[in-house]
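K.L.:
Contents of model-v1.cif (mmCIF, C-alpha atoms and all ligand atoms) are given next:
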data_data
#
loop_
_atom_site.label_atom_id
_atom_site.label_comp_id
_atom_site.auth_asym_id
_atom_site.auth_seq_id
_atom_site.Cartn_x
_atom_site.Cartn_y
_atom_site.Cartn_z
CA MET A 1 -42.69 -41.68 49.40
CA ARG A 2 -40.93 -45.03 49.22
CA LYS A 3 -41.03 -46.85 45.87
CA PHE A 4 -41.54 -50.62 45.86
CA THR A 5 -40.62 -52.98 43.06
CA LYS A 6 -42.20 -56.41 42.82
CA GLU A 7 -39.13 -57.85 44.60
CA ASP A 8 -39.25 -55.26 47.39
CA LEU A 9 -42.92 -55.94 48.00
CA ALA A 10 -42.36 -59.70 48.16
CA GLN A 11 -40.29 -59.20 51.36
CA TYR A 12 -43.41 -58.07 53.20
CA ASN A 13 -45.42 -61.26 52.97
CA GLY A 14 -46.56 -61.26 56.60
CA ARG A 15 -44.83 -64.54 57.37
CA ASN A 16 -42.33 -65.23 60.18
CA GLY A 17 -42.87 -61.83 61.74
CA ALA A 18 -42.53 -59.84 58.50
CA SER A 19 -44.97 -56.97 57.90
CA ALA A 20 -47.90 -57.63 55.56
CA PHE A 21 -47.96 -55.16 52.67
CA ILE A 22 -50.03 -55.36 49.52
CA ALA A 23 -50.11 -53.27 46.36
CA TYR A 24 -53.38 -52.06 44.96
CA ARG A 25 -53.62 -49.77 41.91
CA GLY A 26 -50.08 -48.49 42.33
CA THR A 27 -50.32 -47.87 46.07
CA VAL A 28 -48.74 -50.00 48.79
CA TYR A 29 -50.76 -50.52 51.99
CA ASP A 30 -49.68 -51.91 55.35
CA LEU A 31 -52.20 -54.56 56.45
CA SER A 32 -50.07 -55.97 59.29
CA ASP A 33 -52.68 -55.04 61.90
CA SER A 34 -55.61 -56.56 60.06
CA PHE A 35 -57.32 -59.59 61.55
CA HIS A 36 -58.26 -60.59 58.01
CA TRP A 37 -54.63 -60.68 56.82
CA ARG A 38 -53.11 -62.60 59.75
CA SER A 39 -49.82 -64.24 58.76
CA GLY A 40 -50.18 -62.50 55.41
CA VAL A 41 -52.98 -64.76 54.17
CA HIS A 42 -56.43 -63.45 53.26
CA GLN A 43 -59.40 -65.82 52.95
CA VAL A 44 -57.17 -68.80 52.12
CA LEU A 45 -56.63 -67.42 48.59
CA HIS A 46 -54.61 -64.21 48.73
CA ASN A 47 -51.09 -63.54 49.96
CA ALA A 48 -49.47 -60.37 51.23
CA GLY A 49 -46.34 -59.25 49.41
CA GLU A 50 -48.22 -59.25 46.12
CA ASP A 51 -50.10 -56.91 43.82
CA MET A 52 -53.83 -57.40 44.47
CA THR A 53 -55.13 -55.10 41.75
CA ASP A 54 -56.38 -57.88 39.49
CA SER A 55 -57.84 -59.95 42.35
CA ILE A 56 -60.39 -57.51 43.68
CA TYR A 57 -63.02 -58.61 41.16
CA GLN A 58 -63.25 -61.96 43.02
CA ALA A 59 -63.80 -60.25 46.37
CA PRO A 60 -67.18 -59.97 48.10
CA HIS A 61 -66.30 -56.36 48.90
CA GLY A 62 -64.93 -53.22 47.30
CA GLU A 63 -61.67 -51.31 47.62
CA ASP A 64 -63.20 -49.06 50.30
CA LEU A 65 -62.06 -51.56 52.98
CA LEU A 66 -58.49 -50.45 52.26
CA LYS A 67 -59.18 -46.87 53.27
CA LYS A 68 -58.44 -47.29 56.96
CA PHE A 69 -54.96 -48.73 56.36
CA ILE A 70 -51.72 -46.76 56.19
CA VAL A 71 -50.16 -46.09 52.81
CA VAL A 72 -46.46 -46.93 52.90
CA GLY A 73 -45.43 -46.24 49.34
CA LYS A 74 -45.87 -46.50 45.61
CA PHE A 75 -45.73 -49.70 43.60
CA ILE A 76 -43.61 -49.32 40.46
CA MET B 1 -65.04 -89.19 53.73
CA ALA B 2 -67.60 -89.49 50.95
CA LYS B 3 -65.12 -90.50 48.28
CA VAL B 4 -67.21 -90.09 45.16
CA ALA B 5 -68.85 -86.94 46.49
CA ARG B 6 -65.41 -85.37 46.86
CA GLU B 7 -64.31 -86.63 43.47
CA MET B 8 -67.33 -85.01 41.80
CA VAL B 9 -66.39 -81.65 43.28
CA GLU B 10 -62.76 -82.03 42.21
CA ARG B 11 -63.79 -82.95 38.69
CA ALA B 12 -65.98 -79.86 38.50
CA GLY B 13 -62.76 -77.85 38.91
CA VAL B 14 -63.06 -76.78 42.53
CA ASN B 15 -59.88 -76.69 44.64
CA VAL B 16 -61.32 -78.94 47.36
CA ASN B 17 -58.51 -78.42 49.88
CA GLN B 18 -59.00 -74.66 49.66
CA LEU B 19 -62.75 -75.04 49.93
CA VAL B 20 -62.45 -77.27 52.99
CA GLU B 21 -60.11 -74.76 54.63
CA LEU B 22 -62.68 -72.02 54.05
CA LEU B 23 -65.46 -74.19 55.48
CA VAL B 24 -63.39 -74.94 58.59
CA LYS B 25 -62.61 -71.23 59.08
CA ASN B 26 -66.28 -70.35 58.73
CA ALA B 27 -67.29 -73.14 61.11
CA ALA B 28 -64.83 -71.59 63.60
CA ALA B 29 -66.41 -68.18 63.04
CA GLU B 30 -69.85 -69.65 63.81
CA LEU B 31 -68.85 -71.36 67.04
CA THR B 32 -66.82 -68.41 68.34
CA THR B 33 -69.66 -66.04 67.43
CA PHE B 34 -72.06 -68.30 69.33
CA TYR B 35 -69.78 -67.90 72.35
CA TYR B 36 -69.26 -64.13 72.08
CA TYR B 37 -72.96 -63.52 71.35
CA THR B 38 -73.77 -65.31 74.61
CA ILE B 39 -71.89 -62.58 76.46
CA LEU B 40 -73.43 -59.84 74.32
CA ARG B 41 -76.95 -61.16 74.89
CA LEU B 42 -76.40 -61.41 78.64
CA ASN B 43 -75.43 -57.76 78.65
CA LEU B 44 -78.36 -56.54 76.60
CA ILE B 45 -80.31 -55.17 79.54
CA GLY B 46 -82.10 -51.97 80.43
CA LEU B 47 -84.76 -50.18 78.42
CA GLU B 48 -82.82 -50.26 75.16
CA GLY B 49 -80.96 -53.52 75.60
CA GLU B 50 -84.03 -55.63 76.35
CA GLY B 51 -85.51 -54.64 73.00
CA ILE B 52 -82.61 -56.25 71.16
CA LYS B 53 -82.14 -59.27 73.39
CA GLU B 54 -84.55 -61.50 71.51
CA ILE B 55 -83.04 -61.07 68.06
CA ALA B 56 -79.53 -61.36 69.48
CA GLU B 57 -80.64 -64.69 70.97
CA ALA B 58 -82.13 -65.86 67.64
CA ALA B 59 -78.93 -64.89 65.81
CA ARG B 60 -76.88 -66.69 68.47
CA ILE B 61 -78.82 -69.95 68.21
CA GLU B 62 -78.80 -69.83 64.42
CA ASP B 63 -75.03 -69.36 64.36
CA ARG B 64 -74.65 -72.46 66.49
CA ASN B 65 -76.90 -74.24 63.99
CA HIS B 66 -74.63 -73.03 61.18
CA PHE B 67 -71.68 -74.61 62.94
CA GLU B 68 -73.55 -77.90 63.29
CA ALA B 69 -74.66 -77.87 59.66
CA LEU B 70 -71.16 -77.15 58.31
CA VAL B 71 -69.29 -79.88 60.17
CA PRO B 72 -70.66 -82.94 58.31
CA ARG B 73 -69.89 -81.31 54.96
CA ILE B 74 -66.29 -80.71 56.04
CA TYR B 75 -65.87 -84.41 56.83
CA GLU B 76 -67.69 -85.57 53.69
CA LEU B 77 -65.16 -83.62 51.66
CA GLY B 78 -62.28 -85.25 53.51
CA GLY B 79 -61.52 -82.40 55.90
CA LYS B 80 -61.54 -82.33 59.69
CA LEU B 81 -61.73 -79.96 62.62
CA PRO B 82 -58.50 -79.13 64.48
CA GLU B 83 -58.00 -81.31 67.54
CA ASP B 84 -57.16 -78.29 69.67
CA MET B 85 -60.04 -75.92 70.32
CA LYS B 86 -57.69 -72.97 70.89
CA ALA B 87 -56.30 -73.51 67.41
CA PHE B 88 -59.86 -73.69 66.10
CA HIS B 89 -60.72 -70.35 67.70
CA ASP B 90 -57.64 -68.74 66.19
CA ILE B 91 -58.37 -69.68 62.57
CA SER B 92 -61.84 -68.10 62.59
CA ALA B 93 -62.83 -66.35 59.35
CA CYS B 94 -64.24 -63.41 61.30
CA PRO B 95 -62.90 -61.37 64.24
CA PRO B 96 -64.19 -62.07 67.76
CA ALA B 97 -67.46 -60.21 68.46
CA LYS B 98 -66.15 -58.85 71.76
CA LEU B 99 -68.23 -57.01 74.31
CA PRO B 100 -67.71 -53.23 73.94
CA ALA B 101 -65.96 -51.42 76.82
CA ASP B 102 -69.31 -49.87 77.74
CA PRO B 103 -72.04 -52.51 77.32
CA THR B 104 -74.74 -49.91 78.02
CA ASP B 105 -73.70 -48.17 74.81
CA ILE B 106 -76.39 -49.72 72.61
CA LYS B 107 -74.97 -48.30 69.41
CA ALA B 108 -71.60 -49.92 70.14
CA MET B 109 -73.33 -53.24 70.90
CA LEU B 110 -75.31 -53.11 67.65
CA THR B 111 -72.19 -52.20 65.68
CA VAL B 112 -70.37 -55.30 66.97
CA LEU B 113 -73.40 -57.41 66.04
CA VAL B 114 -73.94 -55.97 62.57
CA GLU B 115 -70.24 -56.20 61.69
CA ALA B 116 -70.13 -59.85 62.67
CA GLU B 117 -73.11 -60.51 60.40
CA ARG B 118 -71.58 -58.55 57.53
CA CYS B 119 -68.41 -60.59 57.74
CA ALA B 120 -70.56 -63.74 57.55
CA VAL B 121 -72.60 -62.41 54.60
CA ARG B 122 -69.39 -61.75 52.68
CA GLY B 123 -67.88 -65.10 53.59
CA TYR B 124 -70.88 -67.21 52.50
CA THR B 125 -71.39 -65.14 49.35
CA HIS B 126 -67.83 -66.05 48.45
CA ILE B 127 -68.39 -69.78 49.16
CA CYS B 128 -71.54 -69.65 47.02
CA ASN B 129 -69.54 -68.01 44.22
CA LEU B 130 -66.84 -70.70 44.44
CA THR B 131 -69.29 -73.61 44.40
CA ALA B 132 -72.14 -72.40 42.17
CA GLY B 133 -72.88 -74.93 39.46
CA LYS B 134 -70.00 -77.13 40.68
CA ASP B 135 -70.43 -78.37 44.23
CA HIS B 136 -74.21 -78.51 44.54
CA ARG B 137 -74.40 -79.66 48.15
CA THR B 138 -71.94 -77.11 49.57
CA TYR B 139 -73.65 -74.46 47.46
CA ASP B 140 -77.08 -75.27 48.83
CA LEU B 141 -75.76 -75.40 52.39
CA SER B 142 -73.90 -72.07 52.03
CA LEU B 143 -76.90 -70.47 50.39
CA SER B 144 -79.16 -71.65 53.22
CA ILE B 145 -76.75 -70.15 55.77
CA LEU B 146 -76.43 -66.96 53.70
CA GLN B 147 -80.23 -66.55 53.72
CA GLU B 148 -80.17 -66.48 57.51
CA GLU B 149 -77.07 -64.26 57.75
CA ILE B 150 -78.72 -61.63 55.57
CA GLU B 151 -81.71 -61.62 57.89
CA HIS B 152 -79.40 -61.22 60.89
CA GLU B 153 -77.67 -58.29 59.20
CA SER B 154 -81.03 -56.71 58.44
CA TRP B 155 -82.26 -56.98 62.01
CA PHE B 156 -79.28 -55.21 63.53
CA SER B 157 -79.01 -52.71 60.70
CA GLU B 158 -82.63 -51.68 61.24
CA PHE B 159 -82.02 -51.16 64.95
CA LEU B 160 -79.14 -48.88 64.01
CA GLY B 161 -81.61 -46.92 61.92
CA GLU B 162 -79.73 -47.47 58.67
CA GLY B 163 -82.99 -47.88 56.78
CA PRO B 164 -85.82 -50.37 56.42
CA SER B 165 -85.19 -53.84 55.01
CA GLY B 166 -88.63 -55.37 55.28
CA HIS B 167 -87.66 -57.98 57.85
CA PHE B 168 -89.33 -58.81 61.09
CA MET B 169 -87.98 -60.77 64.02
CA ARG B 170 -87.87 -64.56 63.73
CA LYS B 171 -91.30 -66.09 64.06
CA GLY B 172 -91.73 -69.80 64.69
CA GLU B 173 -88.73 -72.12 64.78
CA THR B 174 -85.17 -70.84 64.39
CA SER B 175 -83.17 -71.58 61.22
CA PRO B 176 -85.99 -71.76 58.64
CA PHE B 177 -83.41 -72.30 55.88
CA VAL B 178 -80.73 -74.39 57.58
CA SER B 179 -82.99 -76.71 59.60
CA LYS B 180 -83.12 -79.27 56.80
CA TYR B 181 -79.42 -79.89 57.48
CA LEU B 182 -80.00 -80.44 61.18
CA ARG B 183 -82.57 -83.18 61.13
C1 LIG C 1 -61.67 -63.99 46.77
C2 LIG C 1 -61.25 -62.84 47.18
C3 LIG C 1 -61.58 -62.22 48.52
C4 LIG C 1 -62.42 -62.61 49.51
C5 LIG C 1 -63.28 -63.87 49.55
C6 LIG C 1 -62.38 -61.61 50.54
C7 LIG C 1 -63.15 -61.65 51.71
C8 LIG C 1 -63.12 -60.73 52.70
C9 LIG C 1 -63.94 -60.76 53.89
C10 LIG C 1 -65.01 -61.82 54.21
C11 LIG C 1 -63.60 -59.69 54.64
C12 LIG C 1 -64.20 -59.30 55.98
C13 LIG C 1 -65.13 -58.15 55.77
C14 LIG C 1 -66.04 -57.87 56.92
O1 LIG C 1 -65.64 -58.04 58.09
O2 LIG C 1 -67.18 -57.47 56.68
C15 LIG C 1 -62.54 -58.99 53.95
C16 LIG C 1 -61.90 -57.87 54.42
C17 LIG C 1 -60.91 -57.21 53.74
N1 LIG C 1 -60.40 -57.53 52.50
FE1 LIG C 1 -60.96 -59.08 51.32
N2 LIG C 1 -61.51 -60.63 50.18
C18 LIG C 1 -60.98 -60.96 48.95
C19 LIG C 1 -60.08 -60.24 48.23
C20 LIG C 1 -59.44 -59.11 48.66
C21 LIG C 1 -58.46 -58.36 47.89
C22 LIG C 1 -57.99 -58.71 46.49
C23 LIG C 1 -58.09 -57.32 48.70
C24 LIG C 1 -57.09 -56.22 48.42
C25 LIG C 1 -57.10 -55.51 47.32
C26 LIG C 1 -58.80 -57.41 49.94
C27 LIG C 1 -58.70 -56.56 51.01
C28 LIG C 1 -59.42 -56.61 52.17
C29 LIG C 1 -59.28 -55.66 53.26
C30 LIG C 1 -58.31 -54.51 53.33
C31 LIG C 1 -60.22 -56.04 54.24
C32 LIG C 1 -60.48 -55.36 55.58
C33 LIG C 1 -59.58 -55.91 56.61
C34 LIG C 1 -59.83 -55.34 57.97
O3 LIG C 1 -60.71 -54.49 58.16
O4 LIG C 1 -59.09 -55.74 58.88
N3 LIG C 1 -59.62 -58.51 49.88
N4 LIG C 1 -62.28 -59.63 52.77
FE FE C 2 -73.89 -67.80 61.10
FE FE C 3 -75.28 -64.62 61.85
#
As structure tokens, please, write out the structure in this file.
P.N.:
Amino acid sequence: MRKFTKEDLAQYNGRNGASAFIAYRGTVYDLSDSFHWRSGVHQVLHNAGEDMTDSIYQAPHGEDLLKKFIVVGKFI
Amino acid sequence: MAKVAREMVERAGVNVNQLVELLVKNAAAELTTFYYYTILRLNLIGLEGEGIKEIAEAARIEDRNHFEALVPRIYELGGKLPEDMKAFHDISACPPAKLPADPTDIKAMLTVLVEAERCAVRGYTHICNLTAGKDHRTYDLSLSILQEEIEHESWFSEFLGEGPSGHFMRKGETSPFVSKYLR
């Protein structure tokens, strides 16, 4: 499985046609097809291309919403 | 813009530009839902569909009321609606509640409805969290909307047989919580 550093992940910020990847607890997910992550922005506050592990506590939902998305690698 | 009203919210430590953007996106979700629910309601026919038509209609009208109630707050805080309605549609906080391929599939219809309500419940919970104890007016408005969204979720969830929630269909006037913002 592909390994992503912070810099690698930052390339996939969902902007200008880039894919929208996020890291969560060491796993990288592809959210490009999600309505809620259009252009790599989620709910005005969160950006793709970043590690979201410490942001989930602010969310009005749990990590289960990530389940349906494809895992593309590990975040190291 | 209500200058001092905005200043009070800023001083309480709220990022007002972010908050306004969220309010605009949720206003867009309300108006687009009003539109898509019109099509859903029209298609709720037959033995099963007719039973759901009335609550779908109540949820539809209340979502339009939510749109109307949000707009003045957006402008008070110095925000505005996009001039282009297509742009407004596209920034919606929730996905379009599109008619399922088979509108006679009642379970599919109810799933579209309940998911739209769940998105709204999450969205207004978040706005309440952001504004609690800081922006009293937006908090009260979002809480009033949230009260109605939770009832909408409960109605459709009960029809899906997910379990009882103690709610009954809307009796009396629509928007018992939000109506004070519509007068
Ligand atoms: C303040 C923080 C957040 C807010 C207000 C927020 C809000 C929301 C809302 C309202 C939805 C729609 C749910 C529905 O339709 O019922 C959603 C979906 C989602 N959120 Fe968040 N969220 C936040 C943080 C996060 C974080 C940190 C992550 C990642 C770890 C995340 C990942 C997701 C995913 C994957 C979905 C589902 C997308 C889809 O099904 O297309 N969210 N979020
Ligand atoms: Fe609504
Ligand atoms: Fe609703």
K.L.:
Please report the interatomic distance between atom CA of B:Pro82 and atom CA of B:Thr33 in Å with one decimal.
P.N.:
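Those two atoms sit 17.5 Å apart.
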K.L.:
Pick the closest to chain A from B:Ile61, B:Leu22, B:Leu99, B:Ala116: which is it, counting all atoms listed in the file?
P.N.:
B:Leu22
K.L.:
Extract, using all atoms listed in the file, all DNA, RNA and protein residues at most 7 Å from stretch 51-60 of chain A, discarding same-chain residues fewer than 4 positions from it, and format them as a PyMOL selection string.
P.N.:
(chain A and resi 22-25) or (chain B and resi 122+125-126)
K.L.:
Find the residues of chain B in contact range of chain A, meaning any atom within 9 Å when counting all atoms listed in the file, and list them as a list in words.
P.N.:
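Result: Gln18, Leu19, Glu21, Leu22, Lys25, Ala93, Cys94, Pro95, Val121, Arg122, Gly123, Thr125, His126 and Asn129 of chain B.
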K.L.:
Taking (-45.3, -54.2, 54.2) in the file's own coordinates, collect the residues within 9 Å, counting all atoms listed in the file, and hand them back as a PyMOL selection string.
P.N.:
chain A and resi 9-14+18-22+28-32+48-49+72
K.L.:
Taking only C-alpha atoms and all ligand atoms into account, which of B:His66, B:Leu44, B:Tyr75, B:Tyr36 comes nearest ligand FE 3 (chain C)?
P.N.:
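Of all the options, B:His66 lies closest to ligand FE 3 (chain C).
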K.L.:
For ligand FE 3 (chain C), return the neighbouring residues as a list of chain:residue names (distance at most 6 Å; all atoms listed in the file).
P.N.:
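These are the residues that qualify: B:Ala59, B:Asp63, B:Glu117, B:Glu149, B:His152.
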K.L.:
Using C-alpha atoms, can you write the selected residues to a file as a short mmCIF file (atom, residue, chain, number, x, y, z; two decimals), in the coordinates of the input?
P.N.:
data_model
loop_
_atom_site.label_atom_id
_atom_site.label_comp_id
_atom_site.auth_asym_id
_atom_site.auth_seq_id
_atom_site.Cartn_x
_atom_site.Cartn_y
_atom_site.Cartn_z
CA ALA B 59 -78.93 -64.89 65.81
CA ASP B 63 -75.03 -69.36 64.36
CA GLU B 117 -73.11 -60.51 60.40
CA GLU B 149 -77.07 -64.26 57.75
CA HIS B 152 -79.40 -61.22 60.89
#
K.L.:
Name the closest residue to ligand LIG 1 (chain C) among the candidates A:Thr5, A:Gly40, A:Gly62, A:Val71; distances are taken between atoms, counting only C-alpha atoms and all ligand atoms.
P.N.:
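Between A:Thr5, A:Gly40, A:Gly62, A:Val71, the residue approaching ligand LIG 1 (chain C) most closely is A:Gly62.
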K.L.:
Neighbouring residues of ligand FE 2 (chain C) are defined here as those with any atom at most 12 Å from a ligand atom, counting all atoms listed in the file; list them as a PyMOL selection string.
P.N.:
chain B and resi 23+25-35+37+56+58-70+93-94+113-114+116-124+141-153+175+177-178
K.L.:
Given the choices A:Asp33, A:Ser39, A:Thr27, A:Ile76, which gets closest to ligand LIG 1 (chain C) if the distance is worked out from only C-alpha atoms and all ligand atoms?
P.N.:
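Among A:Asp33, A:Ser39, A:Thr27, A:Ile76, it is A:Asp33 that comes nearest to ligand LIG 1 (chain C).
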K.L.:
Expressed in Å to a single decimal, how great is the separation between atom C3 of ligand LIG 1 (chain C) and atom CA of A:Lys68?
P.N.:
17.4 Å
K.L.:
Around all the atoms of stretch 47-58 of chain A listed in the file, with 6 Å of room on each side, what axis-aligned box do you get, giving centre and edge lengths in Å to one decimal, as lines of an AutoDock Vina configuration file?
P.N.:
center_x = -54.8
center_y = -59.3
center_z = 45.4
size_x = 28.9
size_y = 20.4
size_z = 23.7
K.L.:
Which value, in Å to one decimal, gives the distance between atom CA of B:Ile106 and atom CA of B:Gly166?
P.N.:
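Between these atoms lies a distance of 22.0 Å.
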K.L.:
Give the answer as one residue: which of B:Leu77, B:Ile52, B:Met169, B:Ala97 has the shortest atom-to-atom distance to ligand LIG 1 (chain C), using all atoms listed in the file?
P.N.:
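Once distances to ligand LIG 1 (chain C) are computed over all atoms listed in the file, the minimum belongs to B:Ala97.
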K.L.:
Smallest atom-to-atom distance to ligand LIG 1 (chain C): which of B:Asp140, B:Glu83, B:Gly133, B:Cys128, using only C-alpha atoms and all ligand atoms?
P.N.:
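Closest to ligand LIG 1 (chain C), using only C-alpha atoms and all ligand atoms: B:Cys128.
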K.L.:
So that I can look at just that part, could you write stretch 39-59 of chain A with N, CA and C atoms, as an mmCIF file, in the first residue's frame?
P.N.:
data_model
loop_
_atom_site.group_PDB
_atom_site.id
_atom_site.type_symbol
_atom_site.label_atom_id
_atom_site.label_comp_id
_atom_site.auth_asym_id
_atom_site.auth_seq_id
_atom_site.Cartn_x
_atom_site.Cartn_y
_atom_site.Cartn_z
ATOM 1 N N SER A 39 -14.532 20.325 -4.100
ATOM 2 C CA SER A 39 -13.375 21.233 -4.167
ATOM 3 C C SER A 39 -12.468 21.102 -2.951
ATOM 4 N N GLY A 40 -12.568 19.966 -2.272
ATOM 5 C CA GLY A 40 -11.666 19.705 -1.150
ATOM 6 C C GLY A 40 -12.002 20.449 0.127
ATOM 7 N N VAL A 41 -13.190 21.069 0.171
ATOM 8 C CA VAL A 41 -13.551 21.805 1.391
ATOM 9 C C VAL A 41 -14.780 21.160 2.026
ATOM 10 N N HIS A 42 -14.698 20.942 3.344
ATOM 11 C CA HIS A 42 -15.788 20.295 4.063
ATOM 12 C C HIS A 42 -16.351 21.254 5.100
ATOM 13 N N GLN A 43 -17.634 21.617 4.915
ATOM 14 C CA GLN A 43 -18.328 22.426 5.929
ATOM 15 C C GLN A 43 -17.579 23.726 6.262
ATOM 16 N N VAL A 44 -17.034 24.350 5.250
ATOM 17 C CA VAL A 44 -16.337 25.633 5.363
ATOM 18 C C VAL A 44 -15.018 25.531 6.158
ATOM 19 N N LEU A 45 -14.911 24.550 7.058
ATOM 20 C CA LEU A 45 -13.816 24.538 8.029
ATOM 21 C C LEU A 45 -12.656 23.609 7.711
ATOM 22 N N HIS A 46 -12.913 22.518 7.009
ATOM 23 C CA HIS A 46 -11.882 21.495 6.842
ATOM 24 C C HIS A 46 -11.422 21.386 5.394
ATOM 25 N N ASN A 47 -10.120 21.130 5.226
ATOM 26 C CA ASN A 47 -9.553 21.034 3.883
ATOM 27 C C ASN A 47 -8.974 19.652 3.616
ATOM 28 N N ALA A 48 -9.207 19.168 2.399
ATOM 29 C CA ALA A 48 -8.567 17.926 1.973
ATOM 30 C C ALA A 48 -7.063 18.162 1.852
ATOM 31 N N GLY A 49 -6.317 17.068 1.829
ATOM 32 C CA GLY A 49 -4.861 17.178 1.787
ATOM 33 C C GLY A 49 -4.259 17.285 3.181
ATOM 34 N N GLU A 50 -5.123 17.107 4.192
ATOM 35 C CA GLU A 50 -4.627 17.246 5.567
ATOM 36 C C GLU A 50 -5.038 16.051 6.428
ATOM 37 N N ASP A 51 -4.367 15.970 7.578
ATOM 38 C CA ASP A 51 -4.694 14.927 8.553
ATOM 39 C C ASP A 51 -5.871 15.407 9.407
ATOM 40 N N MET A 52 -6.976 14.655 9.383
ATOM 41 C CA MET A 52 -8.205 15.074 10.053
ATOM 42 C C MET A 52 -8.395 14.422 11.422
ATOM 43 N N THR A 53 -7.395 13.651 11.842
ATOM 44 C CA THR A 53 -7.564 12.864 13.067
ATOM 45 C C THR A 53 -7.993 13.707 14.267
ATOM 46 N N ASP A 54 -7.358 14.867 14.419
ATOM 47 C CA ASP A 54 -7.656 15.681 15.605
ATOM 48 C C ASP A 54 -8.874 16.584 15.435
ATOM 49 N N SER A 55 -9.497 16.539 14.245
ATOM 50 C CA SER A 55 -10.646 17.430 13.997
ATOM 51 C C SER A 55 -11.985 16.735 14.198
ATOM 52 N N ILE A 56 -11.968 15.429 14.292
ATOM 53 C CA ILE A 56 -13.241 14.704 14.316
ATOM 54 C C ILE A 56 -14.061 15.056 15.555
ATOM 55 N N TYR A 57 -13.411 15.463 16.632
ATOM 56 C CA TYR A 57 -14.167 15.762 17.859
ATOM 57 C C TYR A 57 -15.127 16.950 17.665
ATOM 58 N N GLN A 58 -14.832 17.811 16.656
ATOM 59 C CA GLN A 58 -15.720 18.953 16.381
ATOM 60 C C GLN A 58 -16.914 18.539 15.517
ATOM 61 N N ALA A 59 -16.851 17.351 14.938
ATOM 62 C CA ALA A 59 -17.828 16.985 13.909
ATOM 63 C C ALA A 59 -19.138 16.508 14.521
#
